[in-house]
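Each remark here refers to the structure printed beneath this line.
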Amino acid sequence: MTEIDIEKENKAIAQEYKELLRISYQTLSPTDKKLIRKAFDVAVDAHKEQRRKSGEAYIFHPIAVAKIVASEIGLGATSIAAALLHDVVEDTPMTVQEIERLFNPKVAQLVEGLTKISLVQKDLNASMQAENFRKMILTLNDDVRVILIKLADRLHNMQTMDSMAEYKQTKIASETLYIYAPLAHRLGLYNIKTKLEDLGLKYTEPNVYNDIVSKIRETKEEQDAYIKDISDVLKKSLDIENIDYIIKGRPKSIYSIRRKMRAQNVSFDEVYDKFALRIVYKSDPHDEKFIAWKIYSIVTDHYRPSPSRLRDWISSPKSTGYEALHITVMGPKGRWVEVQVRSERMDEIAEKGYAAHYKYKNGATEESGLDTWLNLLREALENQETNAVDFVEDFKMNLYSKEIFVFTPKGEIKSLPKGATSLDFAFSIHSEIGIKTRGTRVNGRLVPLNHELKSGDQVEVITSANQKPTVNWLEYVTTSRAKNKIKNVLNENTKKIGEEGKELLTRKLKHLKVTLNEQVTNELVNFFKLKTSLDLFYRVGIGAIENQQLKDYAAQKSNSFINFFKNKIKRNKDTADEDIHKPVISSNYDMLVFGTEHDKLDYKLSQCCNPIPGDDVFGFVTINEGIKVHKKDCPNAIGMQSNYAYRIMSAKWIDSSQEEFKAIINITGMDVLGLTNQLTKVISNNMSVNIQSISLSTDAGIFHGQVAVIVKNNTILKKMINAIKKIDGVDKVTREYRT
């Protein structure tokens, strides 16, 4: 670089630093500014030789992370300093001890927490990836700010991923959608959650993302005009009532539009609430609730509300601390519009999450604000014994769950995830009550333990000292807290029975001239199609494995040498038969190729998303079934790419002319005379498409059809779907994906 370039870069770095101080959410004291300046100088010096893949000086990254921490998350000087230093220990010779000596134990502790997360080896296998997530999640027990800074780091990495290889982009974006966006949601950082989701979609489904972005641009002018019409009407009435407010239009995020399109099987145009209005009002704490309902009254005077879509999170805030009133109303031109009503305080909590909480708690410090947050998140961290993938799955399930509010017999209110059962409620009171639950009453009526609760239910738990959980209880609960407690009790019981079962098995095998050792144990586990040796010993202990089955195993063991050759001969014969019946194919036979070298490998098409030629796909190396091919928008893709990135293979179709594939099409519409004839005619006339099966039904004037067709490729299928859509009476045509 020339001297002029270096000078220009140094000016830009200095400018970024000034911006960092200017945009900070917290009021920074002279001592705070001194701490941040020192961290900035140390970071600039430590990273001076480093550059990012894009070519810019590395220091721009920690400054950008610090800006997100200061402004969007709203943390104080300690966290801003830690954000500036977050890569110093990992990427340079500086140690945590040096940071503690230069700064203070708190900054050092945060940097150490961030370094621990980064240093976990990635890409080795699924459990290592999940272990990485688990270690990160468990830092919540130490200091939630480690996670908050990590979220800022991830957001900036996602914003600057363009220069990375495609497979890395997909892996990082999948991880982001799988764990980081739900974490941001659970911490009440809705802005960051939305940005992470949109960027995640940009790299996991670029075509879908770009298509939605361009459609939003096309309709922006029309939407702005529509929002203005509603705003103008409401402003007149709000001004008459002397309410101090601002109205903002808020388009729905790209990711949430995509989620709605997929969940409801609709096109972009059919997503009805693509935008919302937000009314943010000024109020002292005493009048907040009163003014919110006053605004509700004004909105519903002008526009008819949907009674089923009123959300009152002011009377009962979400466990993330979110407070607001959400009203869905029928706007002009017959369109549904969501109106969000929040005070300035509520708006800050919605934008900044945790940071705004302690700002509004009189005299609370950053540390004391932490305790409230950690208590909200500890439930999902209670059991660290489970395998890492299960732990992450359980935790993730609790991150995004919607909430219901139920009452105890004394009238106290309890928050539970949507879908929670009466047994979940018992465990939420106390694990000892949960374990001894004999029955539950909801609204005075005796109900099963798996009864799903609804907001407003009053729940009473009936206990018995002799009651013990059974395996079935795991089917009756949805919260990780209840599941973990039940598993712990069952495991203690299982281990005890397992020890007795092992002794019993040793004696039984001795009679059959077989000595129980590690190899025999593994053979028996496989023979009975079990997962672990404990499963085996437990089943023997409870008498589920009979003597005859053990005799069968012993007989098979003595004949295993003969069986080996029998199976080999049979396998070769089967393969030969397959070869005989395979059709003769030309050199341009349609098939998938894998990796950068376009290797031709054996594969199976996955049943969950039924890919056909022309679909965007990837290969997934399974443990027992070789390479399984999935569509890139397969419902299971994000989880696989996040947890098992090392097993993902890039794949693409080469030529598409010989092979035939099955696709299932669902059709709905109005029951018009001659529709069936039209339908079969269109399909059979469509470029030699063969109908494998057809099922049609009508119900009160509505027509439902499912057609399984054999097609050569995606282009033919799309052409056929478009032709079906044109038939008079047809409303919707969708391709079925199995989940």
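Chain labels run A, B, ... following the order of the structure tokens; each chain numbers its residues from 1, and ligands are numbered from 1 in the order shown.
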
Practice task
Please run DSSP on the backbone and report, as a ChimeraX atom specification, all residues within stretch 86-302 of chain A that come out as helix (DSSP H, G or I).
Solution key: /A:88-91,96-102,105-119,126-141,144-159,166-186,190-204,206-240,254-263,268-270,285-302

Exercise for the section: Write out as an NGL selection string each polymer residue whose atoms come within 12 Å of A:Ala465, counting only C-alpha atoms; drop sequence neighbours fewer than 6 positions from it. Expected result: :A and (432-438)

Practice task
Could you jot down the atom CA of A:Arg441 to atom CA of A:Ser315 separation for me, Å, one decimal place?
Solution key: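 So the answer is 25.3 Å.
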
Problem - Distance query A:Arg278 at most 6 Å, only C-alpha atoms, self and fewer than 3 positions along chain excluded, as a count of residues only - result: 4

Practice task
Using only C-alpha atoms, pick whichever of A:Ala64, A:Ile240, A:Leu201, A:Val707 has the shortest atom-to-atom distance to A:Ser693.
Solution key: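 That would be A:Val707, the residue with the smallest distance to A:Ser693.
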